[in-house]
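The data block below is coords.txt; it holds compact mmCIF, C-alpha atoms (C1' of nucleotides).
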# COMPACT_ATOMS: atom_id res chain seq x y z
CA MET A 1 -104.86 151.57 25.00
CA THR A 2 -104.01 154.62 27.01
CA ARG A 3 -103.33 155.11 30.68
CA LYS A 4 -104.04 157.96 33.05
CA GLY A 5 -103.70 161.27 31.33
CA GLY A 6 -103.91 159.70 27.91
CA THR A 7 -100.18 159.06 27.76
CA PRO A 8 -99.20 155.58 26.65
CA ARG A 9 -96.68 153.58 28.60
CA LYS A 10 -95.83 151.42 25.63
CA ARG A 11 -95.34 152.60 22.13
CA ARG A 12 -97.89 151.48 19.67
CA SER A 13 -95.81 151.41 16.52
CA ALA A 14 -92.32 151.83 15.18
CA GLY A 15 -93.48 155.19 13.88
CA ASP A 16 -94.30 156.29 17.39
CA ALA A 17 -90.84 155.24 18.54
CA ASN A 18 -89.20 157.28 15.80
CA ARG A 19 -91.31 160.29 16.63
CA ARG A 20 -90.38 159.92 20.26
CA ASP A 21 -86.70 159.78 19.42
CA ALA A 22 -86.93 162.86 17.24
CA LEU A 23 -88.84 164.66 19.97
CA LEU A 24 -86.21 163.73 22.52
CA ARG A 25 -83.43 165.13 20.33
CA VAL A 26 -85.39 168.37 20.09
CA CYS A 27 -85.74 168.43 23.88
CA ALA A 28 -82.00 167.87 24.32
CA ARG A 29 -81.10 170.67 21.96
CA LEU A 30 -83.51 173.18 23.49
CA PHE A 31 -82.72 172.22 27.08
CA ARG A 32 -79.05 172.71 26.32
CA GLU A 33 -79.57 176.06 24.63
CA LYS A 34 -82.15 177.62 26.92
CA GLY A 35 -82.14 175.49 30.02
CA PHE A 36 -84.91 173.25 31.27
CA ASP A 37 -86.86 176.02 32.97
CA GLY A 38 -86.26 178.36 30.07
CA THR A 39 -87.74 175.92 27.57
CA THR A 40 -91.51 175.73 27.26
CA ILE A 41 -93.60 172.89 26.01
CA ARG A 42 -94.61 175.25 23.23
CA ASP A 43 -90.95 175.75 22.26
CA ILE A 44 -90.56 172.00 22.08
CA SER A 45 -93.72 171.28 20.17
CA THR A 46 -93.05 174.05 17.66
CA ALA A 47 -89.50 172.85 17.04
CA ALA A 48 -90.79 169.31 16.63
CA GLY A 49 -93.55 170.40 14.25
CA MET A 50 -96.35 169.46 16.59
CA HIS A 51 -99.11 171.32 18.39
CA SER A 52 -98.74 172.30 21.98
CA GLY A 53 -100.55 169.38 23.59
CA SER A 54 -98.90 166.68 21.52
CA PRO A 55 -95.60 166.11 23.31
CA PHE A 56 -97.65 164.67 26.15
CA TYR A 57 -98.62 161.83 23.89
CA HIS A 58 -94.99 160.69 24.10
CA PHE A 59 -93.98 161.77 27.60
CA ARG A 60 -96.14 162.00 30.66
CA THR A 61 -94.57 165.23 31.93
CA LYS A 62 -91.91 167.72 30.99
CA GLN A 63 -89.85 166.28 33.83
CA ALA A 64 -90.00 162.87 32.14
CA MET A 65 -88.47 164.46 29.03
CA LEU A 66 -85.59 165.79 31.11
CA VAL A 67 -84.92 162.46 32.74
CA ALA A 68 -85.08 160.66 29.40
CA VAL A 69 -82.58 163.10 27.89
CA MET A 70 -80.11 162.57 30.73
CA GLU A 71 -80.48 158.80 30.75
CA GLN A 72 -79.98 158.52 27.01
CA GLY A 73 -76.90 160.72 27.24
CA LEU A 74 -75.42 158.60 29.99
CA VAL A 75 -76.14 155.31 28.27
CA GLU A 76 -74.46 156.48 25.07
CA GLY A 77 -71.56 158.03 26.97
CA LEU A 78 -71.05 154.85 28.95
CA ARG A 79 -70.94 152.77 25.81
CA LYS A 80 -68.32 154.99 24.21
CA THR A 81 -66.24 155.29 27.36
CA GLU A 82 -66.28 151.56 27.97
CA ALA A 83 -65.05 150.99 24.43
CA VAL A 84 -62.05 153.25 25.04
CA MET A 85 -61.29 151.70 28.42
CA ALA A 86 -61.22 148.28 26.78
CA LEU A 87 -58.45 149.30 24.37
CA ASP A 88 -55.02 147.88 25.00
CA LEU A 89 -53.05 151.09 25.33
CA ALA A 90 -50.45 152.61 27.60
CA PRO A 91 -52.03 154.70 30.39
CA ARG A 92 -50.89 158.04 29.00
CA GLU A 93 -52.29 157.35 25.56
CA LYS A 94 -55.50 155.85 26.87
CA PHE A 95 -56.03 158.88 29.06
CA GLU A 96 -55.86 161.21 26.10
CA ARG A 97 -58.30 158.98 24.23
CA MET A 98 -60.67 159.03 27.22
CA ILE A 99 -60.59 162.80 27.30
CA ARG A 100 -61.16 162.97 23.57
CA ALA A 101 -64.12 160.62 23.82
CA HIS A 102 -65.61 162.69 26.61
CA LEU A 103 -65.18 165.85 24.60
CA ASP A 104 -66.98 164.17 21.77
CA THR A 105 -69.95 163.33 23.98
CA ILE A 106 -70.13 167.04 24.81
CA PHE A 107 -69.40 168.67 21.46
CA GLY A 108 -70.15 166.04 18.83
CA ARG A 109 -72.93 166.83 16.39
CA GLY A 110 -76.29 166.18 17.99
CA ASN A 111 -74.68 165.35 21.33
CA ASP A 112 -76.76 167.64 23.49
CA PHE A 113 -77.72 165.00 26.02
CA ILE A 114 -74.74 165.02 28.38
CA PRO A 115 -74.54 168.83 28.44
CA VAL A 116 -78.10 168.89 29.75
CA LEU A 117 -77.00 166.61 32.56
CA LEU A 118 -74.02 168.85 33.27
CA TYR A 119 -76.11 172.02 33.31
CA ASP A 120 -79.53 171.18 34.64
CA TRP A 121 -79.10 168.62 37.36
CA ARG A 122 -80.82 171.00 39.75
CA SER A 123 -84.03 170.69 37.73
CA VAL A 124 -84.27 166.95 38.31
CA THR A 125 -86.89 166.10 40.90
CA PRO A 126 -85.39 164.33 43.91
CA ALA A 127 -87.58 161.31 43.20
CA ASN A 128 -85.99 160.95 39.76
CA ARG A 129 -82.41 161.38 40.82
CA ALA A 130 -81.61 157.86 41.97
CA ARG A 131 -81.79 156.23 38.53
CA ILE A 132 -79.61 158.89 36.97
CA ILE A 133 -77.13 158.73 39.80
CA ALA A 134 -76.83 154.98 39.30
CA LEU A 135 -75.76 155.53 35.69
CA ARG A 136 -73.49 158.37 36.67
CA ASP A 137 -71.77 156.18 39.21
CA ARG A 138 -70.88 153.69 36.50
CA TYR A 139 -69.45 156.52 34.42
CA ASP A 140 -67.44 157.77 37.36
CA ALA A 141 -66.20 154.27 38.14
CA LEU A 142 -64.72 153.99 34.65
CA TRP A 143 -62.87 157.26 35.11
CA GLN A 144 -61.75 156.20 38.56
CA ARG A 145 -60.14 153.10 37.05
CA MET A 146 -58.37 155.35 34.57
CA VAL A 147 -57.12 157.67 37.31
CA ASP A 148 -56.01 154.73 39.44
CA ALA A 149 -54.00 153.35 36.54
CA LEU A 150 -52.33 156.71 36.04
CA CYS A 151 -51.43 156.91 39.72
CA GLU A 152 -49.96 153.42 39.65
CA ALA A 153 -47.89 154.38 36.63
CA GLY A 154 -46.54 157.38 38.54
CA LEU A 155 -48.23 159.87 36.22
CA LEU A 156 -50.56 161.34 38.83
CA ARG A 157 -50.21 161.93 42.53
CA GLY A 158 -52.70 162.77 45.25
CA ASP A 159 -56.06 161.65 46.59
CA ARG A 160 -57.50 159.54 43.81
CA GLY A 161 -61.08 160.57 44.32
CA LEU A 162 -60.21 164.25 44.29
CA LEU A 163 -58.05 163.75 41.23
CA ARG A 164 -60.93 162.17 39.33
CA LEU A 165 -63.24 165.03 40.25
CA LEU A 166 -60.72 167.70 39.30
CA VAL A 167 -59.78 166.11 35.98
CA LEU A 168 -63.33 165.42 34.92
CA GLY A 169 -64.34 168.86 36.14
CA ALA A 170 -61.82 170.63 33.95
CA ILE A 171 -63.17 168.77 30.93
CA ASN A 172 -66.81 169.23 31.84
CA TRP A 173 -66.33 172.93 32.36
CA SER A 174 -65.28 173.27 28.74
CA ALA A 175 -68.98 172.96 27.91
CA LYS A 176 -69.22 176.54 29.18
CA TRP A 177 -66.54 178.12 27.00
CA TYR A 178 -65.47 175.88 24.16
CA ARG A 179 -67.14 176.37 20.81
CA PRO A 180 -66.47 173.92 17.99
CA GLY A 181 -64.91 175.66 15.02
CA GLY A 182 -63.02 178.09 17.23
CA ARG A 183 -59.26 178.43 17.54
CA ALA A 184 -58.46 175.11 19.13
CA SER A 185 -59.63 171.76 17.81
CA LEU A 186 -60.97 169.10 20.12
CA ASP A 187 -57.81 167.11 19.48
CA GLU A 188 -55.68 170.03 20.60
CA LEU A 189 -57.81 170.54 23.66
CA ALA A 190 -57.57 166.86 24.60
CA ARG A 191 -53.80 166.94 24.19
CA THR A 192 -53.36 170.14 26.19
CA ALA A 193 -55.51 168.76 28.98
CA SER A 194 -53.71 165.45 29.05
CA GLU A 195 -50.33 167.16 29.26
CA LEU A 196 -51.56 169.56 31.90
CA PHE A 197 -52.54 166.76 34.24
CA LEU A 198 -49.80 164.19 33.76
CA ARG A 199 -46.37 164.52 35.19
CA ALA A 200 -43.23 163.04 33.71
CA PRO A 201 -42.93 159.37 34.66
CA ALA A 202 -40.83 158.82 37.75
CA ARG A 203 -37.32 157.73 36.89
CA ARG A 204 -35.91 154.93 38.97
CA MET B 205 -89.22 210.81 44.80
CA THR B 206 -89.95 207.74 42.76
CA ARG B 207 -89.47 206.95 39.11
CA LYS B 208 -91.47 204.84 36.70
CA GLY B 209 -93.01 201.90 38.44
CA GLY B 210 -92.43 203.36 41.86
CA THR B 211 -88.90 201.99 42.05
CA PRO B 212 -86.29 204.48 43.23
CA ARG B 213 -83.03 204.87 41.37
CA LYS B 214 -81.27 206.36 44.37
CA ARG B 215 -81.54 205.13 47.91
CA ARG B 216 -83.23 207.44 50.30
CA SER B 217 -81.57 206.43 53.54
CA ALA B 218 -78.86 204.28 55.03
CA GLY B 219 -81.63 201.99 56.20
CA ASP B 220 -82.74 201.44 52.63
CA ALA B 221 -79.18 200.56 51.66
CA ASN B 222 -78.93 198.01 54.44
CA ARG B 223 -82.25 196.48 53.49
CA ARG B 224 -81.12 196.27 49.91
CA ASP B 225 -77.90 194.53 50.91
CA ALA B 226 -79.77 192.03 53.03
CA LEU B 227 -82.20 191.41 50.21
CA LEU B 228 -79.35 190.84 47.78
CA ARG B 229 -77.80 188.26 50.08
CA VAL B 230 -81.13 186.47 50.20
CA CYS B 231 -81.29 186.55 46.40
CA ALA B 232 -77.78 185.11 46.12
CA ARG B 233 -78.54 182.28 48.49
CA LEU B 234 -81.82 181.34 46.83
CA PHE B 235 -80.50 181.69 43.28
CA ARG B 236 -77.63 179.42 44.20
CA GLU B 237 -79.85 176.82 45.83
CA LYS B 238 -82.76 176.76 43.41
CA GLY B 239 -81.53 178.55 40.33
CA PHE B 240 -82.73 181.89 39.01
CA ASP B 241 -85.74 180.48 37.19
CA GLY B 242 -86.54 178.19 40.08
CA THR B 243 -86.67 181.07 42.54
CA THR B 244 -89.83 183.14 42.69
CA ILE B 245 -90.25 186.68 43.89
CA ARG B 246 -92.42 185.20 46.59
CA ASP B 247 -89.57 182.93 47.72
CA ILE B 248 -87.34 185.95 47.95
CA SER B 249 -89.77 188.20 49.74
CA THR B 250 -90.72 185.51 52.25
CA ALA B 251 -87.07 184.74 53.03
CA ALA B 252 -86.39 188.45 53.42
CA GLY B 253 -89.42 188.94 55.66
CA MET B 254 -91.26 191.16 53.21
CA HIS B 255 -94.49 190.93 51.29
CA SER B 256 -94.52 189.86 47.70
CA GLY B 257 -94.52 193.28 46.06
CA SER B 258 -91.81 194.77 48.23
CA PRO B 259 -88.61 193.56 46.58
CA PHE B 260 -89.53 195.81 43.66
CA TYR B 261 -89.01 198.78 45.91
CA HIS B 262 -85.31 197.91 45.88
CA PHE B 263 -84.85 196.42 42.41
CA ARG B 264 -86.69 197.28 39.26
CA THR B 265 -86.93 193.70 38.03
CA LYS B 266 -85.95 190.20 39.04
CA GLN B 267 -83.33 190.36 36.31
CA ALA B 268 -81.79 193.40 38.02
CA MET B 269 -81.41 191.29 41.17
CA LEU B 270 -79.54 188.66 39.21
CA VAL B 271 -77.18 191.17 37.64
CA ALA B 272 -76.55 192.82 41.00
CA VAL B 273 -75.70 189.47 42.59
CA MET B 274 -73.19 188.64 39.87
CA GLU B 275 -71.59 192.06 39.88
CA GLN B 276 -71.16 192.09 43.63
CA GLY B 277 -69.63 188.64 43.51
CA LEU B 278 -67.16 189.67 40.85
CA VAL B 279 -66.18 192.89 42.59
CA GLU B 280 -65.47 191.07 45.84
CA GLY B 281 -63.69 188.23 44.05
CA LEU B 282 -61.54 190.70 42.15
CA ARG B 283 -60.51 192.46 45.30
CA LYS B 284 -59.47 189.24 47.00
CA THR B 285 -57.69 187.88 43.94
CA GLU B 286 -55.80 191.11 43.39
CA ALA B 287 -54.60 191.01 46.98
CA VAL B 288 -53.16 187.53 46.48
CA MET B 289 -51.57 188.44 43.16
CA ALA B 290 -49.84 191.37 44.84
CA LEU B 291 -48.09 189.10 47.36
CA ASP B 292 -44.38 188.56 46.89
CA LEU B 293 -44.31 184.79 46.63
CA ALA B 294 -42.75 182.14 44.46
CA PRO B 295 -45.05 181.11 41.58
CA ARG B 296 -45.84 177.68 42.97
CA GLU B 297 -46.84 179.03 46.36
CA LYS B 298 -48.77 181.93 44.92
CA PHE B 299 -50.68 179.57 42.66
CA GLU B 300 -51.86 177.52 45.61
CA ARG B 301 -52.91 180.69 47.39
CA MET B 302 -54.83 181.83 44.31
CA ILE B 303 -56.68 178.54 44.17
CA ARG B 304 -57.40 178.72 47.87
CA ALA B 305 -58.75 182.26 47.52
CA HIS B 306 -60.96 181.21 44.63
CA LEU B 307 -62.29 178.28 46.63
CA ASP B 308 -63.11 180.70 49.40
CA THR B 309 -65.14 182.89 47.06
CA ILE B 310 -67.15 179.78 46.18
CA PHE B 311 -67.49 178.05 49.53
CA GLY B 312 -66.92 180.71 52.15
CA ARG B 313 -69.81 181.51 54.46
CA GLY B 314 -72.31 183.75 52.73
CA ASN B 315 -70.35 183.61 49.47
CA ASP B 316 -73.20 182.66 47.18
CA PHE B 317 -72.56 185.39 44.64
CA ILE B 318 -69.92 183.82 42.42
CA PRO B 319 -71.67 180.44 42.33
CA VAL B 320 -74.71 182.18 40.87
CA LEU B 321 -72.48 183.54 38.13
CA LEU B 322 -71.04 180.09 37.54
CA TYR B 323 -74.46 178.43 37.37
CA ASP B 324 -76.91 180.88 35.89
CA TRP B 325 -75.10 182.84 33.23
CA ARG B 326 -77.70 181.63 30.75
CA SER B 327 -80.39 183.56 32.61
CA VAL B 328 -78.68 186.90 32.07
CA THR B 329 -80.38 188.93 29.37
CA PRO B 330 -78.07 189.67 26.43
CA ALA B 331 -78.44 193.39 27.10
CA ASN B 332 -77.03 192.93 30.61
CA ARG B 333 -74.12 190.72 29.71
CA ALA B 334 -71.59 193.32 28.63
CA ARG B 335 -71.06 194.85 32.07
CA ILE B 336 -70.61 191.48 33.71
CA ILE B 337 -68.26 190.32 30.98
CA ALA B 338 -66.11 193.39 31.55
CA LEU B 339 -65.64 192.43 35.18
CA ARG B 340 -65.10 188.81 34.27
CA ASP B 341 -62.38 189.79 31.84
CA ARG B 342 -60.47 191.51 34.61
CA TYR B 343 -60.77 188.38 36.72
CA ASP B 344 -59.55 186.24 33.85
CA ALA B 345 -56.67 188.61 33.19
CA LEU B 346 -55.41 188.13 36.74
CA TRP B 347 -55.47 184.38 36.32
CA GLN B 348 -53.81 184.68 32.96
CA ARG B 349 -50.93 186.53 34.56
CA MET B 350 -50.65 183.72 37.09
CA VAL B 351 -50.63 181.06 34.38
CA ASP B 352 -48.09 182.99 32.33
CA ALA B 353 -45.78 183.21 35.35
CA LEU B 354 -46.09 179.46 35.87
CA CYS B 355 -45.26 178.80 32.24
CA GLU B 356 -42.23 181.03 32.42
CA ALA B 357 -41.07 179.20 35.53
CA GLY B 358 -41.34 175.91 33.62
CA LEU B 359 -44.16 174.67 35.84
CA LEU B 360 -46.81 174.55 33.12
CA ARG B 361 -46.64 173.82 29.43
CA GLY B 362 -49.08 174.33 26.59
CA ASP B 363 -51.34 176.98 25.11
CA ARG B 364 -51.63 179.56 27.85
CA GLY B 365 -55.21 180.49 27.17
CA LEU B 366 -56.33 176.89 27.19
CA LEU B 367 -54.36 176.25 30.35
CA ARG B 368 -56.11 179.10 32.13
CA LEU B 369 -59.52 177.81 31.08
CA LEU B 370 -58.76 174.24 32.11
CA VAL B 371 -57.28 175.17 35.48
CA LEU B 372 -60.03 177.58 36.40
CA GLY B 373 -62.61 175.12 35.08
CA ALA B 374 -61.43 172.35 37.36
CA ILE B 375 -61.79 174.67 40.34
CA ASN B 376 -65.10 176.11 39.27
CA TRP B 377 -66.54 172.67 38.72
CA SER B 378 -65.98 171.91 42.39
CA ALA B 379 -69.04 174.06 43.05
CA LYS B 380 -71.01 171.08 41.74
CA TRP B 381 -69.62 168.39 44.00
CA TYR B 382 -67.67 169.81 46.92
CA ARG B 383 -69.51 170.28 50.19
CA PRO B 384 -67.79 172.09 53.06
CA GLY B 385 -67.46 169.84 56.07
CA GLY B 386 -67.00 166.75 53.93
CA ARG B 387 -63.92 164.52 53.77
CA ALA B 388 -61.48 166.97 52.26
CA SER B 389 -60.84 170.45 53.57
CA LEU B 390 -60.53 173.41 51.24
CA ASP B 391 -56.83 173.51 52.05
CA GLU B 392 -56.44 169.90 50.98
CA LEU B 393 -58.39 170.52 47.82
CA ALA B 394 -56.27 173.54 46.94
CA ARG B 395 -53.09 171.55 47.52
CA THR B 396 -54.25 168.56 45.50
CA ALA B 397 -55.28 170.80 42.63
CA SER B 398 -52.04 172.74 42.68
CA GLU B 399 -49.99 169.54 42.61
CA LEU B 400 -52.15 168.07 39.89
CA PHE B 401 -51.47 170.96 37.55
CA LEU B 402 -47.83 171.78 38.18
CA ARG B 403 -44.98 169.74 36.90
CA ALA B 404 -41.60 169.40 38.53
CA PRO B 405 -39.43 172.39 37.66
CA ALA B 406 -37.23 171.78 34.66
CA ARG B 407 -33.66 170.97 35.66
CA ARG B 408 -30.98 172.70 33.69
C1' DC C 409 -101.50 163.56 17.34
C1' DC C 410 -105.02 167.84 17.17
C1' DT C 411 -108.51 171.02 19.38
C1' DA C 412 -109.92 173.60 22.92
C1' DC C 413 -109.29 174.64 27.25
C1' DC C 414 -108.22 175.17 32.44
C1' DG C 415 -106.15 176.07 36.96
C1' DA C 416 -102.15 177.71 38.94
C1' DT C 417 -98.37 180.54 39.18
C1' DC C 418 -95.60 184.25 38.21
C1' DG C 419 -93.41 188.90 37.53
C1' DG C 420 -94.79 193.12 38.08
C1' DT C 421 -97.74 197.49 39.15
C1' DA C 422 -100.92 201.29 41.16
C1' DG C 423 -101.84 203.65 44.93
C1' DG C 424 -101.15 204.58 49.35
C1' DC D 425 -92.62 198.85 52.32
C1' DC D 426 -97.84 196.94 52.28
C1' DT D 427 -102.36 195.93 49.92
C1' DA D 428 -104.76 194.36 46.31
C1' DC D 429 -104.57 193.11 41.98
C1' DC D 430 -103.74 192.02 36.82
C1' DG D 431 -102.24 190.18 32.39
C1' DA D 432 -99.52 186.72 30.56
C1' DT D 433 -97.66 182.38 30.45
C1' DC D 434 -97.19 177.76 31.45
C1' DG D 435 -97.70 172.67 32.18
C1' DG D 436 -101.02 169.70 31.54
C1' DT D 437 -105.73 167.42 30.28
C1' DA D 438 -110.32 165.74 28.13
C1' DG D 439 -112.16 164.15 24.31
C1' DG D 440 -111.91 162.96 19.87
Can you turn what I pasted into structure tokens?
Amino acid sequence: MTRKGGTPRKRRSAGDANRRDALLRVCARLFREKGFDGTTIRDISTAAGMHSGSPFYHFRTKQAMLVAVMEQGLVEGLRKTEAVMALDLAPREKFERMIRAHLDTIFGRGNDFIPVLLYDWRSVTPANRARIIALRDRYDALWQRMVDALCEAGLLRGDRGLLRLLVLGAINWSAKWYRPGGRASLDELARTASELFLRAPARR
Amino acid sequence: MTRKGGTPRKRRSAGDANRRDALLRVCARLFREKGFDGTTIRDISTAAGMHSGSPFYHFRTKQAMLVAVMEQGLVEGLRKTEAVMALDLAPREKFERMIRAHLDTIFGRGNDFIPVLLYDWRSVTPANRARIIALRDRYDALWQRMVDALCEAGLLRGDRGLLRLLVLGAINWSAKWYRPGGRASLDELARTASELFLRAPARR
DNA sequence: CCTACCGATCGGTAGG
DNA sequence: CCTACCGATCGGTAGG
């Protein structure tokens, strides 16, 4: 039972769902490496072991692959970030754990989904942006709560919105220069970042 | 006197040089807005008031336009950053001025050159990267000197290379979210960033 | 998911 | 810098 263009809306079997997942991981990896525009359907189908028309059995358009990659990245990132926020830790320690978790969503094995979001937002069609922004806003809200807590503990000072953007920006930018297996470990990076941002607690 | 492909290596008149400059500014603006891959030669020629084959009178390939945009951005950014570094100021104040200058190279009117470098590095052919990296290294070296001075003044602590990358990353990332004319001014942003990074001077 | 294919677009060029 | 054009590539589709 196919719809316009021969692309199914619903999967037909568990096998299809697995194939779709594998295909999406291939998309994420290639989009990260070569960019959305720099990746062709033929790149994707070859890497997935298919022929060039076959990806369209799973996704209606290339754009749909991009959106699916970003949404999956955000959903997984949200889950991990929420888990850390729920921990009962002092603000300073929780902050370092939040940074570490975020670094893992960027550099963990097979975690190419969020980097695509960080790099290729410009390639998302305006009509598709709203849904992704809604997920992003939830991610940002978690970080805002973290920043607010740090401000209230006297560990940060300044406009709270700007602080969130600057802190998250410093971490996100690491996607451009950090390479796993290099000099610094992700733990070291998380610790350096945490100490860079936080000031000594105010003494009263 | 033309060379292979009809594209001149040397300009023939001052008028040609002016046209080339104007064309390059158009390239920078469009590359920033739509990305290198998302910008067509026809976009460029239309915006420059030419016909579609004409940009190739000034640049041999589209790739050459990209490289020229990045190099010009770096040369101008270097000049401005060097001027700030040469000022006789206390580290804390100089740091804020450095940040402010960098923000100006990103958000100043007509300053679309550095943002292209920040966004579209992936589109630079490996063969063209070396020259740009050489300029980038000089830029980074200036910032490293700034970071080193801050460390020696007790205003920063941690691995100096990582600190430089994190600080510059936070600023660079603002290209993704900051819009001139919004809530915060560039001065406010520079001040917030400076205060975020620096700790109170150690008391002895 | 494969086969065979198409229409559109794109970077680039020859010749003036 | 314009005119006229080309070869290659690309996203996507029909039909099975």
Quiz item: A:Ala64, A:Val167, A:Ile133, A:Leu186: which is nearest chain B, counting only C-alpha atoms?
Solution: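 Among A:Ala64, A:Val167, A:Ile133, A:Leu186, it is A:Val167 that comes nearest to chain B.
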Can you check which residues of chain A have any atom within 12 Å of chain D? Use all atoms listed in the file and format it as a PDB file with C-alpha atoms, in the frame of the given file.
ATOM      1  CA  LYS A   4    -104.040 157.960  33.050  1.00  0.00           C
ATOM      2  CA  GLY A   5    -103.700 161.270  31.330  1.00  0.00           C
ATOM      3  CA  GLY A   6    -103.910 159.700  27.910  1.00  0.00           C
ATOM      4  CA  THR A   7    -100.180 159.060  27.760  1.00  0.00           C
ATOM      5  CA  ASP A  37     -86.860 176.020  32.970  1.00  0.00           C
ATOM      6  CA  GLY A  38     -86.260 178.360  30.070  1.00  0.00           C
ATOM      7  CA  THR A  39     -87.740 175.920  27.570  1.00  0.00           C
ATOM      8  CA  THR A  40     -91.510 175.730  27.260  1.00  0.00           C
ATOM      9  CA  ILE A  41     -93.600 172.890  26.010  1.00  0.00           C
ATOM     10  CA  ARG A  42     -94.610 175.250  23.230  1.00  0.00           C
ATOM     11  CA  ASP A  43     -90.950 175.750  22.260  1.00  0.00           C
ATOM     12  CA  SER A  52     -98.740 172.300  21.980  1.00  0.00           C
ATOM     13  CA  GLY A  53    -100.550 169.380  23.590  1.00  0.00           C
ATOM     14  CA  SER A  54     -98.900 166.680  21.520  1.00  0.00           C
ATOM     15  CA  PRO A  55     -95.600 166.110  23.310  1.00  0.00           C
ATOM     16  CA  PHE A  56     -97.650 164.670  26.150  1.00  0.00           C
ATOM     17  CA  TYR A  57     -98.620 161.830  23.890  1.00  0.00           C
ATOM     18  CA  PHE A  59     -93.980 161.770  27.600  1.00  0.00           C
ATOM     19  CA  ARG A  60     -96.140 162.000  30.660  1.00  0.00           C
ATOM     20  CA  THR A  61     -94.570 165.230  31.930  1.00  0.00           C
ATOM     21  CA  LYS A  62     -91.910 167.720  30.990  1.00  0.00           C
ATOM     22  CA  GLN A  63     -89.850 166.280  33.830  1.00  0.00           C
TER      23      GLN A  63
END
Chain B residues within 8 Å of chain A, counting all atoms listed in the file: which ones, as a PDB file with C-alpha atoms, in the coordinates of the input?
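File produced: result32.pdb:
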ATOM      1  CA  LYS B 238     -82.760 176.760  43.410  1.00  0.00           C
ATOM      2  CA  GLY B 239     -81.530 178.550  40.330  1.00  0.00           C
ATOM      3  CA  ASP B 241     -85.740 180.480  37.190  1.00  0.00           C
ATOM      4  CA  GLY B 242     -86.540 178.190  40.080  1.00  0.00           C
ATOM      5  CA  TYR B 323     -74.460 178.430  37.370  1.00  0.00           C
ATOM      6  CA  ARG B 326     -77.700 181.630  30.750  1.00  0.00           C
ATOM      7  CA  LEU B 360     -46.810 174.550  33.120  1.00  0.00           C
ATOM      8  CA  ARG B 361     -46.640 173.820  29.430  1.00  0.00           C
ATOM      9  CA  GLY B 362     -49.080 174.330  26.590  1.00  0.00           C
ATOM     10  CA  ASP B 363     -51.340 176.980  25.110  1.00  0.00           C
ATOM     11  CA  LEU B 366     -56.330 176.890  27.190  1.00  0.00           C
ATOM     12  CA  LEU B 367     -54.360 176.250  30.350  1.00  0.00           C
ATOM     13  CA  LEU B 369     -59.520 177.810  31.080  1.00  0.00           C
ATOM     14  CA  LEU B 370     -58.760 174.240  32.110  1.00  0.00           C
ATOM     15  CA  VAL B 371     -57.280 175.170  35.480  1.00  0.00           C
ATOM     16  CA  LEU B 372     -60.030 177.580  36.400  1.00  0.00           C
ATOM     17  CA  GLY B 373     -62.610 175.120  35.080  1.00  0.00           C
ATOM     18  CA  ALA B 374     -61.430 172.350  37.360  1.00  0.00           C
ATOM     19  CA  ILE B 375     -61.790 174.670  40.340  1.00  0.00           C
ATOM     20  CA  ASN B 376     -65.100 176.110  39.270  1.00  0.00           C
ATOM     21  CA  TRP B 377     -66.540 172.670  38.720  1.00  0.00           C
ATOM     22  CA  SER B 378     -65.980 171.910  42.390  1.00  0.00           C
ATOM     23  CA  LEU B 393     -58.390 170.520  47.820  1.00  0.00           C
ATOM     24  CA  THR B 396     -54.250 168.560  45.500  1.00  0.00           C
ATOM     25  CA  ALA B 397     -55.280 170.800  42.630  1.00  0.00           C
ATOM     26  CA  GLU B 399     -49.990 169.540  42.610  1.00  0.00           C
ATOM     27  CA  LEU B 400     -52.150 168.070  39.890  1.00  0.00           C
ATOM     28  CA  PHE B 401     -51.470 170.960  37.550  1.00  0.00           C
ATOM     29  CA  LEU B 402     -47.830 171.780  38.180  1.00  0.00           C
ATOM     30  CA  ARG B 403     -44.980 169.740  36.900  1.00  0.00           C
ATOM     31  CA  ALA B 404     -41.600 169.400  38.530  1.00  0.00           C
TER      32      ALA B 404
END
Quiz item: Suppose you want the space between CA of Arg183 (chain A) and CA of Arg109 (chain A); what is it in Å?
Solution: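 Going from CA of Arg183 (chain A) over to CA of Arg109 (chain A) covers 18.0 Å.
Distance check against Met98 (chain A) using all atoms listed in the file: of A:Leu23, A:Ala127, A:Met65, A:Leu142, the minimum falls on A:Leu142.
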Quiz item: How many Å lie between CA of Leu228 (chain B) and CA of Ala252 (chain B), rounded to one decimal?
Solution: 9.3 Å
Practice problem: Could you jot down the CA of Arg32 (chain A) to CA of Val116 (chain A) separation for me, Å, one decimal place? | Solution: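 Rounded to one decimal, the two atoms are 5.2 Å apart.
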Determine the axis-aligned bounding box of all atoms of region 412-416 of chain C present in the file, pad each side by 4 Å, and express its centre and edge lengths in Å to one decimal place as AutoDock Vina command-line options.
--center_x -106.0 --center_y 175.7 --center_z 30.9 --size_x 15.8 --size_y 12.1 --size_z 24.0
Quiz item: Pick from A:Pro126, A:Gly161, A:Gly77, A:Gly182: nearest to Leu103 (chain A), with all atoms listed in the file counted?
Solution: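 The answer is A:Gly77, which sits nearest to Leu103 (chain A).
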